[in-house]
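S.K.: The file below is entry-v6.cif, mmCIF, C-alpha atoms and all ligand atoms:
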```cif
data_coords
loop_
_atom_site.label_atom_id
_atom_site.label_comp_id
_atom_site.auth_asym_id
_atom_site.auth_seq_id
_atom_site.Cartn_x
_atom_site.Cartn_y
_atom_site.Cartn_z
CA MET A 1 26.93 -12.51 -16.41
CA ILE A 2 27.61 -15.53 -14.23
CA ASP A 3 26.88 -18.98 -15.67
CA ILE A 4 24.89 -20.50 -12.81
CA SER A 5 24.45 -23.80 -14.62
CA LYS A 6 27.91 -24.78 -13.37
CA TYR A 7 26.65 -24.58 -9.78
CA LYS A 8 24.56 -27.72 -9.39
CA ASN A 9 23.24 -26.60 -5.97
CA VAL A 10 21.53 -23.49 -7.38
CA VAL A 11 17.81 -23.39 -8.15
CA LEU A 12 16.78 -20.11 -9.79
CA LEU A 13 13.00 -19.90 -9.47
CA ASP A 14 11.06 -18.34 -12.32
CA HIS A 15 7.34 -18.37 -11.55
CA PRO A 16 5.69 -15.26 -13.09
CA LEU A 17 3.90 -14.45 -9.81
CA LEU A 18 7.22 -14.56 -7.99
CA LYS A 19 8.78 -12.20 -10.56
CA HIS A 20 5.81 -9.84 -10.25
CA LYS A 21 6.05 -9.69 -6.47
CA ILE A 22 9.82 -9.20 -6.49
CA THR A 23 9.40 -6.27 -8.89
CA ASN A 24 6.97 -4.65 -6.46
CA LEU A 25 9.35 -5.35 -3.60
CA ARG A 26 12.20 -3.59 -5.41
CA ASP A 27 10.14 -0.45 -6.09
CA LYS A 28 11.26 2.33 -3.74
CA LYS A 29 7.66 3.59 -3.63
CA THR A 30 6.65 0.38 -1.81
CA GLY A 31 6.15 1.29 1.86
CA THR A 32 6.91 -0.76 4.96
CA ASN A 33 3.52 -2.48 5.36
CA GLN A 34 3.35 -3.56 1.73
CA PHE A 35 7.02 -4.53 1.78
CA ARG A 36 6.50 -6.89 4.73
CA LEU A 37 3.44 -8.44 3.13
CA LEU A 38 5.32 -9.03 -0.12
CA VAL A 39 8.29 -10.64 1.67
CA LYS A 40 5.88 -13.01 3.38
CA GLU A 41 4.06 -13.87 0.12
CA ILE A 42 7.36 -14.40 -1.71
CA ALA A 43 8.54 -16.70 1.08
CA VAL A 44 5.40 -18.80 0.63
CA ILE A 45 6.04 -19.17 -3.11
CA GLU A 46 9.73 -19.96 -2.68
CA GLY A 47 9.10 -22.22 0.29
CA TYR A 48 6.55 -24.21 -1.69
CA GLU A 49 9.34 -25.13 -4.13
CA ALA A 50 12.18 -25.52 -1.64
CA LEU A 51 10.13 -27.80 0.62
CA ARG A 52 9.04 -30.14 -2.15
CA HIS A 53 11.55 -32.80 -0.97
CA LEU A 54 10.21 -32.95 2.59
CA LYS A 55 9.65 -36.46 3.85
CA THR A 56 6.16 -37.52 4.85
CA LYS A 57 5.00 -40.09 7.37
CA MET A 58 1.85 -42.19 7.23
CA ILE A 59 -0.93 -41.74 9.77
CA GLU A 60 -4.34 -43.26 10.17
CA ILE A 61 -7.35 -40.98 9.79
CA GLU A 62 -11.02 -41.57 9.22
CA THR A 63 -12.88 -39.98 6.32
CA PRO A 64 -16.69 -39.81 6.40
CA ILE A 65 -16.51 -43.10 4.42
CA GLU A 66 -13.83 -45.23 6.09
CA LYS A 67 -10.51 -45.49 7.92
CA THR A 68 -7.44 -44.87 5.75
CA ILE A 69 -3.64 -44.46 6.03
CA GLN A 70 -2.47 -41.16 4.50
CA PRO A 71 0.73 -39.04 4.34
CA VAL A 72 1.43 -35.95 6.46
CA VAL A 73 4.52 -33.79 6.94
CA ASP A 74 6.21 -34.33 10.29
CA ARG A 75 6.26 -30.67 11.33
CA LYS A 76 8.75 -31.38 14.13
CA SER A 77 11.31 -32.56 11.56
CA VAL A 78 11.35 -29.09 9.94
CA CYS A 79 13.40 -26.18 11.31
CA PHE A 80 13.35 -22.66 9.86
CA VAL A 81 16.29 -20.44 10.73
CA PRO A 82 15.96 -16.78 9.75
CA ILE A 83 19.08 -14.61 9.76
CA LEU A 84 18.16 -11.50 11.77
CA ARG A 85 16.85 -9.05 11.05
CA ALA A 86 15.60 -9.31 7.48
CA GLY A 87 15.06 -13.06 7.56
CA LEU A 88 12.26 -12.62 10.09
CA GLY A 89 9.91 -11.38 7.37
CA MET A 90 10.41 -14.60 5.41
CA ALA A 91 9.95 -16.77 8.51
CA ASP A 92 6.32 -15.62 8.74
CA GLY A 93 5.68 -16.98 5.23
CA MET A 94 7.49 -20.26 5.89
CA LEU A 95 5.45 -20.82 9.04
CA GLU A 96 2.27 -20.45 6.99
CA LEU A 97 3.47 -23.47 5.00
CA VAL A 98 4.48 -25.56 8.01
CA PRO A 99 2.72 -24.18 11.09
CA GLY A 100 4.30 -25.70 14.14
CA ALA A 101 7.74 -26.14 12.58
CA THR A 102 10.65 -25.45 14.92
CA CYS A 103 12.44 -22.10 14.53
CA GLY A 104 16.01 -21.18 15.35
CA HIS A 105 17.49 -17.68 15.08
CA ILE A 106 20.88 -16.40 13.99
CA GLY A 107 21.77 -12.73 14.47
CA LEU A 108 24.34 -11.27 12.08
CA TYR A 109 24.93 -7.77 10.80
CA ARG A 110 27.40 -6.53 8.22
CA ASP A 111 30.12 -4.28 9.53
CA GLU A 112 29.67 -0.97 7.66
CA GLU A 113 33.38 -0.66 6.86
CA THR A 114 34.56 -4.19 6.15
CA LYS A 115 31.16 -5.63 5.03
CA ALA A 116 32.12 -8.74 7.01
CA PRO A 117 29.33 -10.33 9.09
CA VAL A 118 29.39 -9.83 12.86
CA GLU A 119 27.62 -12.45 15.00
CA TYR A 120 25.44 -11.21 17.88
CA TYR A 121 22.88 -13.98 18.51
CA CYS A 122 22.44 -17.70 18.05
CA LYS A 123 19.60 -19.83 19.42
CA LEU A 124 19.06 -23.19 17.75
CA PRO A 125 17.13 -26.31 18.75
CA SER A 126 19.32 -28.82 20.61
CA ASP A 127 18.19 -31.64 18.29
CA ILE A 128 18.97 -29.68 15.10
CA ASN A 129 21.05 -32.65 13.86
CA GLU A 130 17.80 -34.58 13.32
CA LYS A 131 16.04 -31.81 11.43
CA GLU A 132 15.67 -30.59 7.87
CA VAL A 133 17.01 -27.04 8.25
CA PHE A 134 15.90 -24.14 6.03
CA LEU A 135 18.15 -21.11 6.45
CA ILE A 136 16.36 -17.98 5.22
CA ASP A 137 17.54 -14.48 4.39
CA PRO A 138 16.14 -12.25 1.62
CA MET A 139 19.56 -11.01 0.47
CA LEU A 140 22.66 -12.88 -0.69
CA ALA A 141 25.16 -10.10 -1.44
CA THR A 142 28.83 -10.95 -0.79
CA GLY A 143 27.69 -14.25 0.68
CA GLY A 144 29.53 -13.59 3.95
CA SER A 145 26.44 -13.71 6.18
CA ALA A 146 25.02 -16.89 4.63
CA ILE A 147 28.39 -18.64 4.76
CA ASP A 148 28.89 -17.72 8.44
CA ALA A 149 25.33 -18.78 9.27
CA VAL A 150 25.87 -22.20 7.65
CA GLU A 151 29.10 -22.54 9.64
CA MET A 152 27.16 -21.85 12.85
CA LEU A 153 24.47 -24.38 11.90
CA LYS A 154 27.08 -27.03 11.18
CA LYS A 155 28.87 -26.33 14.48
CA HIS A 156 25.56 -27.00 16.24
CA GLY A 157 25.24 -30.30 14.41
CA ALA A 158 22.91 -29.49 11.48
CA LYS A 159 23.36 -32.08 8.72
CA ARG A 160 20.69 -31.29 6.15
CA ILE A 161 20.63 -27.59 5.23
CA THR A 162 18.94 -25.60 2.44
CA PHE A 163 19.41 -21.86 1.94
CA ILE A 164 16.57 -19.74 0.54
CA CYS A 165 16.97 -16.10 -0.49
CA ILE A 166 14.91 -13.64 -2.53
CA ILE A 167 17.59 -11.65 -4.39
CA ALA A 168 21.14 -12.83 -5.00
CA ALA A 169 24.21 -11.16 -6.45
CA PRO A 170 26.51 -13.24 -8.69
CA GLU A 171 29.34 -12.65 -6.20
CA GLY A 172 27.31 -14.23 -3.39
CA VAL A 173 26.16 -17.18 -5.49
CA LYS A 174 29.76 -17.93 -6.45
CA ALA A 175 31.14 -17.59 -2.92
CA PHE A 176 28.35 -19.68 -1.36
CA SER A 177 28.31 -22.40 -4.01
CA GLU A 178 32.08 -22.81 -4.07
CA LYS A 179 32.13 -23.12 -0.26
CA TYR A 180 29.06 -25.36 0.00
CA PRO A 181 28.48 -27.12 -3.34
CA ASP A 182 26.20 -29.63 -1.60
CA ILE A 183 23.83 -27.14 0.01
CA PRO A 184 20.79 -26.37 -2.15
CA LEU A 185 20.49 -22.62 -2.80
CA TYR A 186 17.05 -21.35 -3.84
CA ILE A 187 17.00 -17.89 -5.45
CA GLY A 188 14.03 -15.73 -6.43
CA ALA A 189 16.00 -13.35 -8.67
CA LEU A 190 19.62 -13.17 -9.78
CA ASP A 191 20.82 -9.57 -10.08
CA ARG A 192 23.66 -7.92 -12.01
CA GLU A 193 26.37 -7.10 -9.47
CA LEU A 194 27.36 -5.51 -6.18
CA ASN A 195 28.16 -1.81 -5.97
CA ASP A 196 31.19 -0.42 -4.12
CA LYS A 197 29.21 -0.49 -0.85
CA ALA A 198 28.41 -4.19 -1.41
CA TYR A 199 24.73 -3.46 -2.11
CA ILE A 200 23.01 -5.55 -4.77
CA CYS A 201 22.25 -3.75 -8.08
CA PRO A 202 19.48 -3.18 -8.97
CA GLY A 203 18.46 -4.94 -5.72
CA LEU A 204 15.96 -3.40 -3.36
CA GLY A 205 18.16 -1.36 -1.01
CA ASP A 206 18.59 -2.32 2.63
CA CYS A 207 16.15 -5.12 3.30
CA GLY A 208 16.28 -4.95 7.10
CA ASP A 209 15.63 -1.21 7.07
CA ARG A 210 12.77 -1.53 4.58
CA THR A 211 11.20 -4.39 6.56
CA PHE A 212 11.32 -2.60 9.88
CA GLY A 213 10.91 1.02 8.77
CA THR A 214 14.39 2.13 9.81
CA VAL A 215 15.34 3.40 6.34
CA LYS A 216 18.28 5.77 6.31
CA GLY A 217 19.34 7.83 3.26
CA GLU A 218 20.05 6.77 -0.32
CA LYS A 219 22.45 3.86 -0.89
C1 LIG A 301 21.60 -8.03 5.14
C2 LIG A 301 20.87 -9.26 4.65
C3 LIG A 301 21.89 -10.34 4.84
C4 LIG A 301 23.19 -9.62 4.54
C5 LIG A 301 23.64 -10.02 3.16
O1 LIG A 301 21.60 -7.98 6.50
O2 LIG A 301 19.66 -9.49 5.31
O3 LIG A 301 21.91 -10.91 6.13
O4 LIG A 301 22.90 -8.23 4.59
O5 LIG A 301 24.87 -9.46 2.87
P1 LIG A 301 26.17 -10.35 2.63
O6 LIG A 301 25.78 -11.44 1.69
O7 LIG A 301 27.14 -9.38 2.03
O8 LIG A 301 26.65 -10.87 3.95
P2 LIG A 301 22.28 -6.76 7.31
O9 LIG A 301 23.70 -7.07 7.61
O10 LIG A 301 22.01 -5.48 6.59
O11 LIG A 301 21.52 -6.81 8.70
P3 LIG A 301 19.99 -6.48 9.03
O12 LIG A 301 19.14 -7.55 8.41
O13 LIG A 301 19.95 -6.55 10.51
O14 LIG A 301 19.67 -5.11 8.51
N1 LIG A 302 21.92 -6.35 2.38
C1 LIG A 302 20.81 -5.69 1.97
O1 LIG A 302 19.86 -5.52 2.73
N2 LIG A 302 20.79 -5.24 0.71
C2 LIG A 302 21.81 -5.41 -0.14
O2 LIG A 302 21.69 -4.97 -1.30
C3 LIG A 302 22.95 -6.10 0.31
C4 LIG A 302 22.97 -6.56 1.57
#
```
Any chance you could give the structure as structure tokens?
Ligand code: PRP
Ligand code: URA
M.R.:
Amino acid sequence: MIDISKYKNVVLLDHPLLKHKITNLRDKKTGTNQFRLLVKEIAVIEGYEALRHLKTKMIEIETPIEKTIQPVVDRKSVCFVPILRAGLGMADGMLELVPGATCGHIGLYRDEETKAPVEYYCKLPSDINEKEVFLIDPMLATGGSAIDAVEMLKKHGAKRITFICIIAAPEGVKAFSEKYPDIPLYIGALDRELNDKAYICPGLGDCGDRTFGTVKGEK
């Protein structure tokens, strides 16, 4: 088993409710509707932790008693970037935490033969350099997609990036953390290994297919 303590960027979350929901997510009996709901709920739990360092600004409000200066999150300073397709399910949960945050989108799919990510879409806010960017994708397998997505974010000027996933393979954690030791990596569950098709074991199967009901055969 990988010793993640040597990767200072990694935060392995361990809330019992998160564990419970990830177990249900893994279960092959869990259908599309329930699967989507769980991904959203898990994103809320993980996001709650990963966003704990957000800066606040002070505004004046009036309580029923008096005027007062109090902190609020500057929603415009937050940018969520789901990796299509599976990241979209998590974006719904993140937006429950910060409604009105900016969203960018990165489209990548893994080539079936090489398992290397192929880019097909990229739309990011022009002022991404000023934002706190949260890259989201439920699965970190080989790490190829997350690494390419960070590269795209950096090319567009992003300076402060955090990556949040639900299930990670040791191979992906190692590849990502060695490439980007300074980018915080939040993980809901750390699994055993990749199989020969680069699927995470025990994992949950193909997350995009399970989210959008396009499930093919057994993996
Ligand atoms: C899945 C997942 C990640 C990627 C992880 O997407 O959502 O983006 O695989 O694998 P990696 O770490 O080996 O790159 P997929 O390519 O299946 O696309 P999809 O979400 O459109 O189904
Ligand atoms: N992508 C998935 O959706 N599942 C895996 O197990 C690996 C990559």
S.K.: Please report the interatomic distance between atom CA of A:Ala116 and atom CA of A:Asn195 in Å with one decimal.
M.R.: 15.2 Å
S.K.: Identify the residues within 6 Å of coordinate (22.2, -21.5, -6.3) (same frame as the file), considering all atoms listed in the file, and give the answer as a short mmCIF file (atom, residue, chain, number, x, y, z; two decimals) with C-alpha atoms, in the coordinates of the input.
M.R.:
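The file below, part-v2.cif, is the result:
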```cif
data_model
loop_
_atom_site.label_atom_id
_atom_site.label_comp_id
_atom_site.auth_asym_id
_atom_site.auth_seq_id
_atom_site.Cartn_x
_atom_site.Cartn_y
_atom_site.Cartn_z
CA ASN A 9 23.24 -26.60 -5.97
CA VAL A 10 21.53 -23.49 -7.38
CA VAL A 11 17.81 -23.39 -8.15
CA VAL A 173 26.16 -17.18 -5.49
CA LEU A 185 20.49 -22.62 -2.80
CA TYR A 186 17.05 -21.35 -3.84
#
```
S.K.: Atom CA of A:Ala91 to atom CA of A:Asp14: how many Å, to one decimal?
M.R.: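 About the pair atom CA of A:Ala91 and atom CA of A:Asp14: they are 20.9 Å apart.
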S.K.: Per residue of chain A within 9 Å of ligand LIG 302 (chain A), note the shortest atom pair and the distance in Å to one decimal, counting all atoms listed in the file, and order the rows by chain and increasing residue number, as JSON lines.
M.R.:
```
{"residue": "A:Ala86", "atom": "CA", "partner": "A:LIG302", "partner_atom": "O1", "distance": 7.4}
{"residue": "A:Arg110", "atom": "CA", "partner": "A:LIG302", "partner_atom": "C4", "distance": 8.0}
{"residue": "A:Lys115", "atom": "CA", "partner": "A:LIG302", "partner_atom": "C4", "distance": 8.9}
{"residue": "A:Pro138", "atom": "CA", "partner": "A:LIG302", "partner_atom": "O1", "distance": 7.8}
{"residue": "A:Met139", "atom": "CA", "partner": "A:LIG302", "partner_atom": "N1", "distance": 5.6}
{"residue": "A:Leu140", "atom": "CA", "partner": "A:LIG302", "partner_atom": "C4", "distance": 6.7}
{"residue": "A:Ala141", "atom": "CA", "partner": "A:LIG302", "partner_atom": "C3", "distance": 4.9}
{"residue": "A:Thr142", "atom": "CA", "partner": "A:LIG302", "partner_atom": "C4", "distance": 7.7}
{"residue": "A:Ile167", "atom": "CA", "partner": "A:LIG302", "partner_atom": "O2", "distance": 8.4}
{"residue": "A:Ala168", "atom": "CA", "partner": "A:LIG302", "partner_atom": "O2", "distance": 8.7}
{"residue": "A:Ala169", "atom": "CA", "partner": "A:LIG302", "partner_atom": "O2", "distance": 8.4}
{"residue": "A:Leu194", "atom": "CA", "partner": "A:LIG302", "partner_atom": "O2", "distance": 7.5}
{"residue": "A:Asn195", "atom": "CA", "partner": "A:LIG302", "partner_atom": "O2", "distance": 8.6}
{"residue": "A:Lys197", "atom": "CA", "partner": "A:LIG302", "partner_atom": "C3", "distance": 8.5}
{"residue": "A:Ala198", "atom": "CA", "partner": "A:LIG302", "partner_atom": "C3", "distance": 6.0}
{"residue": "A:Tyr199", "atom": "CA", "partner": "A:LIG302", "partner_atom": "O2", "distance": 3.5}
{"residue": "A:Ile200", "atom": "CA", "partner": "A:LIG302", "partner_atom": "O2", "distance": 3.8}
{"residue": "A:Cys201", "atom": "CA", "partner": "A:LIG302", "partner_atom": "O2", "distance": 6.9}
{"residue": "A:Pro202", "atom": "CA", "partner": "A:LIG302", "partner_atom": "O2", "distance": 8.2}
{"residue": "A:Gly203", "atom": "CA", "partner": "A:LIG302", "partner_atom": "O2", "distance": 5.5}
{"residue": "A:Leu204", "atom": "CA", "partner": "A:LIG302", "partner_atom": "O2", "distance": 6.3}
{"residue": "A:Gly205", "atom": "CA", "partner": "A:LIG302", "partner_atom": "N2", "distance": 5.0}
{"residue": "A:Asp206", "atom": "CA", "partner": "A:LIG302", "partner_atom": "O1", "distance": 3.4}
{"residue": "A:Cys207", "atom": "CA", "partner": "A:LIG302", "partner_atom": "O1", "distance": 3.8}
{"residue": "A:Gly208", "atom": "CA", "partner": "A:LIG302", "partner_atom": "O1", "distance": 5.7}
{"residue": "A:Asp209", "atom": "CA", "partner": "A:LIG302", "partner_atom": "O1", "distance": 7.4}
{"residue": "A:Arg210", "atom": "CA", "partner": "A:LIG302", "partner_atom": "O1", "distance": 8.3}
{"residue": "A:Lys219", "atom": "CA", "partner": "A:LIG302", "partner_atom": "O2", "distance": 8.9}
```
S.K.: I'd like to know which of A:Ile187, A:Ser145, A:Val215, A:Phe80 is closest to A:Leu18, using only C-alpha atoms.
M.R.: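 Using only C-alpha atoms, A:Leu18 sits closest to A:Ile187.
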S.K.: Got a sec: who's within 7 Å of A:Tyr109, counting all atoms listed in the file, leaving out chain neighbours fewer than 5 positions off, as JSON, numbers by chain?
M.R.: {"A": [117, 118, 119]}
S.K.: Would you mind telling me which residue in A:Ser126, A:Arg75, A:Gly100, A:Arg26 lies nearest to A:Leu51 when using all atoms listed in the file?
M.R.: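 The closest residue to A:Leu51 is A:Arg75.
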S.K.: Point out the residue among A:Pro181, A:Gly87, A:Pro71, A:Gly188 with the least atom-to-atom distance to ligand LIG 301 (chain A), counting all atoms listed in the file.
M.R.: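 Closest candidate: A:Gly87.
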S.K.: What are the centre and edge lengths in Å, to one decimal, of the axis-aligned box around all listed atoms of ligand LIG 301 (chain A) with 8 Å added on each side, as JSON?
M.R.:
```
{"center_x": 23.1, "center_y": -8.3, "center_z": 6.1, "size_x": 24.0, "size_y": 22.3, "size_z": 24.8}
```
S.K.: Suppose you want the space between atom CA of A:Lys131 and atom CA of A:Gly89; what is it in Å?
M.R.: 21.7 Å
S.K.: Determine, counting only C-alpha atoms, which protein, DNA and RNA residues have an atom within 10 Å of an atom of A:Ala50; residues of the same chain fewer than 3 positions away are not included. Present the result as a PDB file with C-alpha atoms, in the coordinates of the input.
M.R.:
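Now in part-v4.pdb:
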```pdb
ATOM      1  CA  VAL A  11      17.810 -23.390  -8.150  1.00  0.00           C
ATOM      2  CA  LEU A  13      13.000 -19.900  -9.470  1.00  0.00           C
ATOM      3  CA  ALA A  43       8.540 -16.700   1.080  1.00  0.00           C
ATOM      4  CA  VAL A  44       5.400 -18.800   0.630  1.00  0.00           C
ATOM      5  CA  ILE A  45       6.040 -19.170  -3.110  1.00  0.00           C
ATOM      6  CA  GLU A  46       9.730 -19.960  -2.680  1.00  0.00           C
ATOM      7  CA  GLY A  47       9.100 -22.220   0.290  1.00  0.00           C
ATOM      8  CA  HIS A  53      11.550 -32.800  -0.970  1.00  0.00           C
ATOM      9  CA  LEU A  54      10.210 -32.950   2.590  1.00  0.00           C
ATOM     10  CA  PHE A 134      15.900 -24.140   6.030  1.00  0.00           C
ATOM     11  CA  THR A 162      18.940 -25.600   2.440  1.00  0.00           C
ATOM     12  CA  PHE A 163      19.410 -21.860   1.940  1.00  0.00           C
ATOM     13  CA  ILE A 164      16.570 -19.740   0.540  1.00  0.00           C
ATOM     14  CA  PRO A 184      20.790 -26.370  -2.150  1.00  0.00           C
ATOM     15  CA  LEU A 185      20.490 -22.620  -2.800  1.00  0.00           C
ATOM     16  CA  TYR A 186      17.050 -21.350  -3.840  1.00  0.00           C
ATOM     17  CA  ILE A 187      17.000 -17.890  -5.450  1.00  0.00           C
TER      18      ILE A 187
END
```
S.K.: Which residues come within 9 Å of A:Val39, counting all atoms listed in the file, excluding same-chain residues fewer than 6 positions away, as a VMD selection string?
M.R.: chain A and resid 21 to 22 25 89 to 90 92 to 93 138 166 211
S.K.: Tell me which of A:Leu88, A:Ile61, A:Leu17, A:Met1 sits closest to ligand LIG 301 (chain A), counting only C-alpha atoms and all ligand atoms.
M.R.: A:Leu88
